[in-house]
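**Q** Pasting coords_39.pdb here (PDB, C-alpha atoms and all ligand atoms):
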```
ATOM      1  CA  MET A 250      10.921   7.944 -12.209
ATOM      2  CA  GLU A 251      11.820  11.602 -11.992
ATOM      3  CA  GLU A 252      14.086  13.233  -9.411
ATOM      4  CA  LYS A 253      13.830  11.831  -5.882
ATOM      5  CA  PHE A 254      14.070  15.209  -4.111
ATOM      6  CA  LYS A 255      11.708  18.182  -4.242
ATOM      7  CA  SER A 256      14.579  20.447  -5.397
ATOM      8  CA  ASP A 257      18.400  20.701  -5.364
ATOM      9  CA  ALA A 258      18.177  22.671  -2.114
ATOM     10  CA  PHE A 259      16.128  19.897  -0.467
ATOM     11  CA  GLU A 260      18.673  17.339  -1.720
ATOM     12  CA  ALA A 261      21.489  19.324  -0.068
ATOM     13  CA  ILE A 262      19.534  19.588   3.214
ATOM     14  CA  HIS A 263      18.782  15.859   3.133
ATOM     15  CA  SER A 264      22.409  14.977   2.456
ATOM     16  CA  ALA A 265      23.559  17.142   5.398
ATOM     17  CA  ALA A 266      20.961  15.484   7.683
ATOM     18  CA  SER A 267      22.080  11.994   6.592
ATOM     19  CA  GLY A 268      25.677  12.945   7.408
ATOM     20  CA  MET A 269      24.648  14.207  10.860
ATOM     21  CA  LYS A 270      22.779  10.943  11.540
ATOM     22  CA  LYS A 271      25.867   8.915  10.578
ATOM     23  CA  ILE A 272      28.019  10.643  13.184
ATOM     24  CA  GLY A 273      25.250  10.593  15.801
ATOM     25  CA  ILE A 274      24.451  14.318  15.937
ATOM     26  CA  ILE A 275      20.769  13.760  15.139
ATOM     27  CA  THR A 276      18.434  10.829  15.800
ATOM     28  CA  LYS A 277      16.720   8.431  13.436
ATOM     29  CA  GLU A 278      13.399  10.230  14.147
ATOM     30  CA  SER A 279      14.828  13.600  13.125
ATOM     31  CA  THR A 280      16.280  12.068   9.960
ATOM     32  CA  HIS A 281      12.845  10.668   9.202
ATOM     33  CA  GLN A 282      11.370  14.172   9.488
ATOM     34  CA  PHE A 283      14.010  15.487   7.081
ATOM     35  CA  ASP A 284      13.144  12.616   4.773
ATOM     36  CA  GLU A 285       9.427  13.475   4.833
ATOM     37  CA  SER A 286      10.197  17.142   4.127
ATOM     38  CA  CYS A 287      12.730  16.633   1.346
ATOM     39  CA  ILE A 288      11.633  13.578  -0.641
ATOM     40  CA  LYS A 289       8.705  13.702  -3.056
ATOM     41  CA  ASN A 290       5.846  11.319  -2.367
ATOM     42  CA  THR A 291       6.348   9.996  -5.894
ATOM     43  CA  GLU A 292       9.398   8.099  -4.616
ATOM     44  CA  TYR A 293       8.156   4.507  -4.322
ATOM     45  CA  MET A 294      11.060   2.866  -2.434
ATOM     46  CA  ILE A 295      10.878   2.770   1.362
ATOM     47  CA  GLU A 296      13.678   1.335   3.511
ATOM     48  CA  THR A 297      12.045  -0.058   6.675
ATOM     49  CA  SER A 298      15.249  -0.087   8.755
ATOM     50  CA  PHE A 299      15.028   3.705   8.587
ATOM     51  CA  PHE A 300      11.906   3.610  10.795
ATOM     52  CA  ASN A 301      11.391   2.591  14.411
ATOM     53  CA  SER A 302       8.355   0.457  13.586
ATOM     54  CA  VAL A 303       6.294  -0.776  10.686
ATOM     55  CA  SER A 304       3.468   1.548  11.675
ATOM     56  CA  ASP A 305       5.880   4.491  11.251
ATOM     57  CA  ALA A 306       6.536   3.380   7.671
ATOM     58  CA  ALA A 307       2.847   2.649   7.001
ATOM     59  CA  SER A 308       1.789   6.286   6.575
ATOM     60  CA  ARG A 309       4.344   6.685   3.831
ATOM     61  CA  VAL A 310       3.104   3.470   2.184
ATOM     62  CA  TYR A 311      -0.520   4.624   2.483
ATOM     63  CA  ASP A 312       0.207   8.011   0.822
ATOM     64  CA  ARG A 313       1.899   6.354  -2.124
ATOM     65  CA  ALA A 314      -0.283   3.284  -2.678
ATOM     66  CA  CYS A 315      -3.792   4.282  -1.523
ATOM     67  CA  ARG A 316      -3.996   7.253  -3.860
ATOM     68  CA  THR A 317      -7.237   8.907  -4.932
ATOM     69  CA  ASP A 318      -5.586  11.114  -7.581
ATOM     70  CA  PHE A 319      -2.540  10.832  -9.827
ATOM     71  CA  SER A 320      -0.013  12.706  -7.652
ATOM     72  CA  ALA A 321       1.254   9.444  -6.116
ATOM     73  CA  PRO A 322       2.489   6.299  -7.889
ATOM     74  CA  GLY A 323      -0.257   3.886  -6.729
ATOM     75  CA  PHE A 324       2.328   1.453  -5.335
ATOM     76  CA  ALA A 325       5.199   1.304  -2.852
ATOM     77  CA  LEU A 326       8.116  -1.062  -2.284
ATOM     78  CA  LEU A 327       9.302  -1.707   1.266
ATOM     79  CA  ARG A 328      12.818  -3.070   1.520
ATOM     80  CA  GLN A 329      13.222  -4.954   4.807
ATOM     81  CA  SER A 330      17.049  -4.959   5.009
ATOM     82  CA  HIS A 331      16.916  -5.649   8.765
ATOM     83  CA  ILE A 332      14.799  -8.814   8.341
ATOM     84  CA  LYS A 333      16.716 -12.072   8.243
ATOM     85  CA  ASP A 334      14.039 -14.784   8.200
ATOM     86  CA  SER A 335      10.730 -15.596   6.601
ATOM     87  CA  LEU A 336       8.724 -15.634   9.828
ATOM     88  CA  GLN A 337       9.773 -12.073  10.755
ATOM     89  CA  HIS A 338       9.021 -10.990   7.212
ATOM     90  CA  ARG A 339       5.476 -12.409   7.374
ATOM     91  CA  LYS A 340       4.893 -10.938  10.841
ATOM     92  CA  GLU A 341       5.885  -7.524   9.527
ATOM     93  CA  LEU A 342       3.564  -7.968   6.552
ATOM     94  CA  VAL A 343       0.627  -8.605   8.920
ATOM     95  CA  GLU A 344       1.673  -5.627  11.100
ATOM     96  CA  LEU A 345       1.813  -3.448   8.004
ATOM     97  CA  LYS A 346      -1.739  -4.443   7.039
ATOM     98  CA  ASP A 347      -2.973  -3.603  10.557
ATOM     99  CA  ALA A 348      -1.222  -0.212  10.471
ATOM    100  CA  LEU A 349      -2.629   0.580   7.006
ATOM    101  CA  SER A 350      -6.066  -0.426   8.269
ATOM    102  CA  ASP A 351      -5.786   1.996  11.217
ATOM    103  CA  ILE A 352      -4.860   4.832   8.850
ATOM    104  CA  HIS A 353      -7.732   3.975   6.514
ATOM    105  CA  GLN A 354     -10.199   3.788   9.389
ATOM    106  CA  ASN A 355      -9.136   7.248  10.577
ATOM    107  CA  LYS A 356      -9.673   8.632   7.093
ATOM    108  CA  SER A 357     -12.844   6.841   6.028
ATOM    109  CA  GLY A 358     -14.410   5.098   9.035
ATOM    110  CA  ASN A 359     -13.843   1.660   7.472
ATOM    111  CA  LYS A 360     -11.109  -0.829   8.307
ATOM    112  CA  LEU A 361      -9.117  -2.797   5.756
ATOM    113  CA  GLY A 362      -9.960  -6.505   5.951
ATOM    114  CA  TRP A 363      -8.049  -9.466   4.539
ATOM    115  CA  PHE A 364      -9.464 -10.666   1.237
ATOM    116  CA  THR A 365      -6.912 -13.389   0.313
ATOM    117  CA  MET A 366      -3.792 -14.879   1.894
ATOM    118  CA  SER A 367      -1.523 -17.509   0.370
ATOM    119  CA  ARG A 368       2.088 -18.558   0.038
ATOM    120  CA  PHE A 369       3.612 -20.144  -3.024
ATOM    121  CA  ASP A 370       6.675 -20.675  -5.206
ATOM    122  CA  GLN A 371       6.019 -18.530  -8.305
ATOM    123  CA  LYS A 372       8.282 -18.553 -11.346
ATOM    124  CA  ASN A 373       5.855 -17.839 -14.163
ATOM    125  CA  THR A 374       6.251 -14.653 -16.170
ATOM    126  CA  THR A 375       3.028 -12.636 -15.986
ATOM    127  CA  LYS A 376       1.903  -9.931 -18.410
ATOM    128  CA  LEU A 377       0.551  -6.677 -16.968
ATOM    129  CA  HIS A 378      -2.718  -7.506 -15.228
ATOM    130  CA  ARG A 379      -5.113  -6.659 -12.415
ATOM    131  CA  ASP A 380      -5.647  -9.383  -9.796
ATOM    132  CA  GLY A 381      -9.229 -10.511  -9.187
ATOM    133  CA  GLY A 382     -10.780  -8.806  -6.164
ATOM    134  CA  PRO A 383     -13.195  -6.079  -5.061
ATOM    135  CA  ASP A 384     -13.273  -2.856  -7.114
ATOM    136  CA  GLN A 385     -11.345  -1.163  -4.306
ATOM    137  CA  SER A 386      -8.503  -3.432  -3.174
ATOM    138  CA  LEU A 387      -4.847  -3.452  -2.286
ATOM    139  CA  LEU A 388      -2.271  -6.215  -2.859
ATOM    140  CA  ILE A 389       0.323  -6.715  -0.145
ATOM    141  CA  LEU A 390       2.916  -9.028  -1.676
ATOM    142  CA  GLY A 391       5.809 -10.335   0.411
ATOM    143  CA  TYR A 392       8.889 -11.419  -1.570
ATOM    144  CA  GLU A 393      11.494 -13.680   0.022
ATOM    145  CA  PRO A 394      15.137 -13.451  -1.120
ATOM    146  CA  THR A 395      15.872 -15.624  -4.147
ATOM    147  CA  SER A 396      18.549 -16.298  -6.738
ATOM    148  CA  VAL A 397      15.861 -16.138  -9.451
ATOM    149  CA  GLN A 398      16.177 -12.831 -11.283
ATOM    150  CA  CYS A 399      13.094 -10.906 -12.352
ATOM    151  CA  GLU A 400      11.963  -7.580 -13.742
ATOM    152  CA  VAL A 401       8.817  -6.222 -12.088
ATOM    153  CA  SER A 402       6.746  -3.529 -13.828
ATOM    154  CA  MET A 403       3.739  -1.398 -12.989
ATOM    155  CA  ALA A 404       1.396   0.319 -15.430
ATOM    156  CA  ASP A 405      -0.765   3.310 -14.556
ATOM    157  CA  TYR A 406      -3.800   2.067 -16.467
ATOM    158  CA  SER A 407      -6.087   4.361 -14.423
ATOM    159  CA  LYS A 408      -4.219   7.424 -15.718
ATOM    160  CA  CYS A 409      -4.259   6.013 -19.239
ATOM    161  CA  ALA A 410      -8.049   5.461 -18.957
ATOM    162  CA  PHE A 411      -8.506   8.950 -17.510
ATOM    163  CA  ASP A 412      -6.566  10.490 -20.433
ATOM    164  CA  LEU A 413      -8.729   8.494 -22.856
ATOM    165  CA  LYS A 414     -11.863   9.719 -20.998
ATOM    166  CA  ILE A 415     -13.050   6.198 -20.215
ATOM    167  CA  THR A 416     -13.302   4.278 -16.933
ATOM    168  CA  PRO A 417     -10.551   1.872 -15.812
ATOM    169  CA  GLU A 418     -13.028  -0.977 -16.263
ATOM    170  CA  GLU A 419     -13.748   0.096 -19.855
ATOM    171  CA  PHE A 420     -10.005   0.302 -20.484
ATOM    172  CA  LEU A 421      -9.526  -3.328 -19.463
ATOM    173  CA  GLU A 422     -12.528  -4.425 -21.540
ATOM    174  CA  ARG A 423     -11.523  -2.539 -24.706
ATOM    175  CA  HIS A 424      -7.720  -2.287 -24.507
ATOM    176  CA  ASN A 425      -6.507  -5.091 -22.251
ATOM    177  CA  PRO A 426      -2.671  -5.116 -22.332
ATOM    178  CA  MET A 427      -2.749  -8.916 -22.616
ATOM    179  CA  HIS A 428      -3.171  -8.003 -26.303
ATOM    180  CA  GLU A 429      -0.731  -6.015 -28.440
ATOM    181  CA  GLU A 430      -3.021  -3.012 -29.119
ATOM    182  CA  GLY A 431      -3.700  -2.402 -25.415
ATOM    183  CA  LEU A 432      -0.038  -2.805 -24.528
ATOM    184  CA  GLU A 433       0.928  -0.197 -27.114
ATOM    185  CA  LEU A 434      -1.584   2.308 -25.694
ATOM    186  CA  LEU A 435      -0.332   1.638 -22.182
ATOM    187  CA  ASN A 436       3.360   1.828 -23.077
ATOM    188  CA  PRO A 437       3.942   5.469 -21.930
ATOM    189  CA  TYR A 438       2.377   4.592 -18.545
ATOM    190  CA  ILE A 439       4.610   1.565 -17.797
ATOM    191  CA  PHE A 440       7.216   1.867 -15.076
ATOM    192  CA  LYS A 441       9.977  -0.676 -14.329
ATOM    193  CA  LEU A 442      10.834  -1.202 -10.661
ATOM    194  CA  THR A 443      14.609  -0.847 -10.973
ATOM    195  CA  GLU A 444      14.929  -0.752  -7.162
ATOM    196  CA  PHE A 445      13.447  -4.271  -6.816
ATOM    197  CA  ASP A 446      16.171  -6.233  -5.006
ATOM    198  CA  THR A 447      15.897 -10.043  -5.132
ATOM    199  CA  SER A 448      18.584 -10.409  -2.415
ATOM    200  CA  ALA A 449      16.401  -8.821   0.325
ATOM    201  CA  TYR A 450      13.030  -9.445   1.948
ATOM    202  CA  GLN A 451      10.609  -6.973   0.392
ATOM    203  CA  ILE A 452       6.914  -6.071   0.492
ATOM    204  CA  LEU A 453       5.307  -4.652  -2.614
ATOM    205  CA  ILE A 454       2.028  -2.796  -2.021
ATOM    206  CA  VAL A 455      -0.078  -2.373  -5.157
ATOM    207  CA  ASN A 456      -3.306  -0.424  -5.526
ATOM    208  CA  ASN A 457      -5.401  -3.012  -7.386
ATOM    209  CA  SER A 458      -8.536  -0.890  -7.766
ATOM    210  CA  ASN A 459     -10.863  -0.723 -10.722
ATOM    211  CA  CYS A 460     -13.330   2.014  -9.748
ATOM    212  CA  PRO A 461     -14.954   4.724 -11.859
ATOM    213  CA  PHE A 462     -13.657   8.271 -11.362
ATOM    214  CA  LYS A 463     -15.553  10.703  -9.140
ATOM    215  CA  THR A 464     -14.554  13.966  -7.514
ATOM    216  CA  GLU A 465     -16.506  13.755  -4.257
ATOM    217  CA  ASN A 466     -15.140  11.089  -1.889
ATOM    218  CA  PRO A 467     -12.959   9.742  -4.708
ATOM    219  CA  HIS A 468     -12.175   6.034  -4.921
ATOM    220  CA  TRP A 469      -8.684   4.549  -4.992
ATOM    221  CA  ARG A 470      -6.991   4.595  -8.384
ATOM    222  CA  GLY A 471      -5.283   1.337  -9.276
ATOM    223  CA  VAL A 472      -2.303   0.222 -11.315
ATOM    224  CA  LEU A 473      -1.536  -3.031 -13.150
ATOM    225  CA  HIS A 474       1.423  -5.241 -12.288
ATOM    226  CA  GLY A 475       3.479  -7.844 -14.115
ATOM    227  CA  ALA A 476       6.878  -9.553 -13.982
ATOM    228  CA  VAL A 477       9.333 -11.188 -16.335
ATOM    229  CA  ILE A 478      10.950 -14.047 -14.430
ATOM    230  CA  GLU A 479      14.008 -16.006 -15.502
ATOM    231  CA  SER A 480      13.647 -19.737 -15.982
ATOM    232  CA  SER A 481      15.132 -21.466 -12.939
ATOM    233  CA  SER A 482      14.580 -24.443 -10.643
ATOM    234  CA  ALA A 483      15.509 -22.382  -7.535
ATOM    235  CA  PRO A 484      12.639 -21.332  -5.229
ATOM    236  CA  ARG A 485      11.011 -17.909  -5.471
ATOM    237  CA  ILE A 486       8.615 -17.655  -2.534
ATOM    238  CA  ILE A 487       5.853 -15.052  -2.507
ATOM    239  CA  ASN A 488       3.622 -14.401   0.494
ATOM    240  CA  SER A 489       0.676 -13.118  -1.465
ATOM    241  CA  THR A 490      -2.144 -11.278   0.279
ATOM    242  CA  SER A 491      -4.830  -8.788  -0.608
ATOM    243  CA  VAL A 492      -7.063  -6.511   1.443
ATOM    244  CA  CYS A 493     -10.097  -4.317   0.855
ATOM    245  CA  PRO A 494     -12.153  -1.792   2.834
ATOM    246  CA  VAL A 495     -14.830  -3.513   4.940
ATOM    247  CA  ASN A 496     -17.949  -2.062   6.501
ATOM    248  CA  PRO A 497     -18.282  -2.359  10.299
ATOM    249  CA  GLY A 498     -19.632  -5.806  11.158
ATOM    250  CA  ASP A 499     -18.728  -7.372   7.786
ATOM    251  CA  GLU A 500     -16.703 -10.586   7.851
ATOM    252  CA  GLU A 501     -13.194 -10.649   6.370
ATOM    253  CA  GLY A 502     -12.321 -13.097   3.573
ATOM    254  CA  VAL A 503      -9.578 -14.796   5.627
ATOM    255  CA  SER A 504     -10.262 -16.591   8.920
ATOM    256  CA  PRO A 505      -8.209 -15.949  12.091
ATOM    257  CA  GLU A 506      -7.071 -19.630  11.894
ATOM    258  CA  ARG A 507      -5.698 -19.058   8.393
ATOM    259  CA  ILE A 508      -3.789 -15.977   9.587
ATOM    260  CA  GLU A 509      -2.351 -18.009  12.465
ATOM    261  CA  GLU A 510      -1.300 -20.731  10.037
ATOM    262  CA  PHE A 511       0.327 -18.109   7.769
ATOM    263  CA  LEU A 512       2.371 -16.954  10.768
ATOM    264  CA  GLN A 513       3.701 -20.430  11.631
ATOM    265  CA  GLU A 514       7.462 -20.971  11.301
ATOM    266  CA  ASN A 515       7.003 -23.485   8.462
ATOM    267  CA  ALA A 516       3.720 -22.350   6.935
ATOM    268  CA  LYS A 517       2.922 -24.600   3.984
ATOM    269  CA  LEU A 518       3.269 -23.511   0.379
ATOM    270  CA  ALA A 519       0.168 -23.765  -1.788
ATOM    271  CA  ASP A 520       0.269 -24.782  -5.448
ATOM    272  CA  TYR A 521       0.597 -21.746  -7.693
ATOM    273  CA  VAL A 522      -2.388 -21.507 -10.046
TER     274      VAL A 522
HETATM  275 FE    FE A 601      -0.954 -10.716  -9.968
END
```
What would the structure in this file look like if it were written as structure tokens?
**A**
Amino acid sequence: MEEKFKSDAFEAIHSAASGMKKIGIITKESTHQFDESCIKNTEYMIETSFFNSVSDAASRVYDRACRTDFSAPGFALLRQSHIKDSLQHRKELVELKDALSDIHQNKSGNKLGWFTMSRFDQKNTTKLHRDGGPDQSLLILGYEPTSVQCEVSMADYSKCAFDLKITPEEFLERHNPMHEEGLELLNPYIFKLTEFDTSAYQILIVNNSNCPFKTENPHWRGVLHGAVIESSSAPRIINSTSVCPVNPGDEEGVSPERIEEFLQENAKLADYV
């Protein structure tokens, strides 16, 4: 990823503001404003302890993940350094979805509804892929701390398709990166998440869309995801959810009982398939 700050001057301003926060001259809210002004929205890492609430962080997540052009990455990584247990982590994941839904409703009139929700121990390496789901969808993946090391990557297959003057769907049909030829084409669009920290609770938000391009009321533009995971017998728990825009009155794919179960202290792990 390129430089984090908009310019050297903005970096200097941001550094001065961070120093003032440390010694208590300015508040967390003011620092957040400096952050918004100085840091590019291409920066995918978001530290939640920097915000007063998840909904404060959600607008930053929305701008980066729910993109309708190529000025944002199409994903965001929330590091929850202040979270110490799985239950709090899952609660914050559900709060984040609700906050993202509010933002989306304000913008489009439609809420974001749950499409899937599961919890499992996942240690299989996965090639770059799009998860099954509606053409416009968002993955909200909660990672619990683990000793199992991994390297997570994203690939801007929408941009690659755009540059090839084909649709994202056509790209996956003709040049799927599961095969060598597709992977080679996609190579310049692959980005490794070097900030991914297996020692912390984290939430990775991935735009999983597969829509054709249009200029009026543009759709979300998705990215592919994949991970190389070391072989280990230690647990690597993922709280895996996805959401999609829903029309008023439409039913969500996950029942309220399932959400309640997901938010139980010892919510069961499903088999990873
Ligand atoms: Fe996946």
**Q** For the atom pair atom CA of A:His468 and atom CA of A:Thr317, what is the interatomic distance in Å to one decimal place?
**A** 5.7 Å
**Q** Could you tell me which residues the PyMOL selection byres (((not hetatm)) within 7 of (chain A and resi 601)) returns for this structure, as a ChimeraX atom specification?
**A** /A:378-380,474-475
**Q** For A:Trp469, which residue among A:Ile274, A:Leu377, A:Val303, A:Val455 is the nearest when counting only C-alpha atoms?
**A**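 Using only C-alpha atoms, A:Trp469 sits closest to A:Val455.
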**Q** On this structure, which residues satisfy the PyMOL selection byres (((chain A and resi 482-486) around 10) and not hetatm), written as a list in words?
**A**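 Answer for the PyMOL selection byres (((chain A and resi 482-486) around 10) and not hetatm): Ser335, Arg368, Phe369, Asp370, Gln371, Lys372, Gly391, Tyr392, Glu393, Pro394, Thr395, Ser396, Val397, Gln398, Thr447, Ile478, Glu479, Ser480, Ser481, Ile487, Asn488, Ser489 and Leu518 of chain A.
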**Q** I'd like to see the residues matched by the PyMOL selection byres (((chain A and resi 347) around 10) and not hetatm) on this file, and ideally I'd get them as a list in words.
**A**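 Given this file, the PyMOL selection byres (((chain A and resi 347) around 10) and not hetatm) evaluates to Val303, Ser304, Ala307, Glu341, Leu342, Val343, Glu344, Leu345, Lys346, Ala348, Leu349, Ser350, Asp351, Ile352, His353, Lys360, Leu361, Gly362 and Trp363 of chain A.
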**Q** For atom CA of A:Pro417 and atom CA of A:Ser458, quote the distance in Å rounded to one decimal.
**A**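 The value is 8.7 Å.
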**Q** Take every atom of stretch 403-406 of chain A listed in the file, fit an axis-aligned box around them, add 4 Å per side, and give the centre and edge lengths in Å to one decimal as JSON.
**A**
```
{"center_x": 0.0, "center_y": 1.0, "center_z": -14.7, "size_x": 15.5, "size_y": 12.7, "size_z": 11.5}
```
**Q** Separation of atom CA of A:Gly431 and atom CA of A:Thr464, in Å?
**A**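 Separation between atom CA of A:Gly431 and atom CA of A:Thr464: 26.6 Å.
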**Q** Please tabulate, as a tab-separated table, the residues of stretch 281-354 of chain A that come within 7 Å of stretch 507-513 of chain A, each with its closest pair of atoms and the distance in Å to one decimal, counting all atoms listed in the file and ordering rows by chain, then residue number upward.
**A**
```
residue	atom	partner	partner_atom	distance
A:Leu336	CA	A:Leu512	CA	6.6
A:Arg339	CA	A:Leu512	CA	6.5
A:Lys340	CA	A:Leu512	CA	6.5
```
**Q** Using all atoms listed in the file, what does the table of stretch 349-450 of chain A residues within 9 Å of stretch 290-300 of chain A look like, with each row giving the shortest atom pair and its distance in Å to one decimal, sorted by chain and ascending number, as a Markdown table?
**A**
```
| residue | atom | partner | partner_atom | distance |
| --- | --- | --- | --- | --- |
| A:Leu442 | CA | A:Tyr293 | CA | 8.9 |
| A:Glu444 | CA | A:Met294 | CA | 7.1 |
| A:Phe445 | CA | A:Met294 | CA | 8.7 |
```
**Q** When distances are computed from all atoms listed in the file, which of A:Ala404, A:Ser386, A:Asn301, A:Ile454 shows the smallest separation from A:Phe324?
**A**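 Under the stated criterion, the closest residue is A:Ile454.
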**Q** Write out as a PyMOL selection string the residues lying within 12 Å of A:Asp412, counting all atoms listed in the file and excluding same-chain residues fewer than 4 positions away.
**A** chain A and resi 319+405-408+416-417+420+434-435+437-438+462
**Q** Generate the output file for the selected residues, C-alpha atoms, as a short mmCIF file (atom, residue, chain, number, x, y, z; two decimals), in the coordinates of the input.
**A**
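Just written: out_11.cif:
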```cif
data_model
loop_
_atom_site.label_atom_id
_atom_site.label_comp_id
_atom_site.auth_asym_id
_atom_site.auth_seq_id
_atom_site.Cartn_x
_atom_site.Cartn_y
_atom_site.Cartn_z
CA PHE A 319 -2.54 10.83 -9.83
CA ASP A 405 -0.76 3.31 -14.56
CA TYR A 406 -3.80 2.07 -16.47
CA SER A 407 -6.09 4.36 -14.42
CA LYS A 408 -4.22 7.42 -15.72
CA THR A 416 -13.30 4.28 -16.93
CA PRO A 417 -10.55 1.87 -15.81
CA PHE A 420 -10.01 0.30 -20.48
CA LEU A 434 -1.58 2.31 -25.69
CA LEU A 435 -0.33 1.64 -22.18
CA PRO A 437 3.94 5.47 -21.93
CA TYR A 438 2.38 4.59 -18.55
CA PHE A 462 -13.66 8.27 -11.36
#
```
**Q** Counting all atoms listed in the file, figure out which residue out of A:Lys356, A:Ser367, A:Ser264, A:Cys315 gets nearest to A:Asp520.
**A**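 Among the listed residues, the smallest separation from A:Asp520 belongs to A:Ser367.
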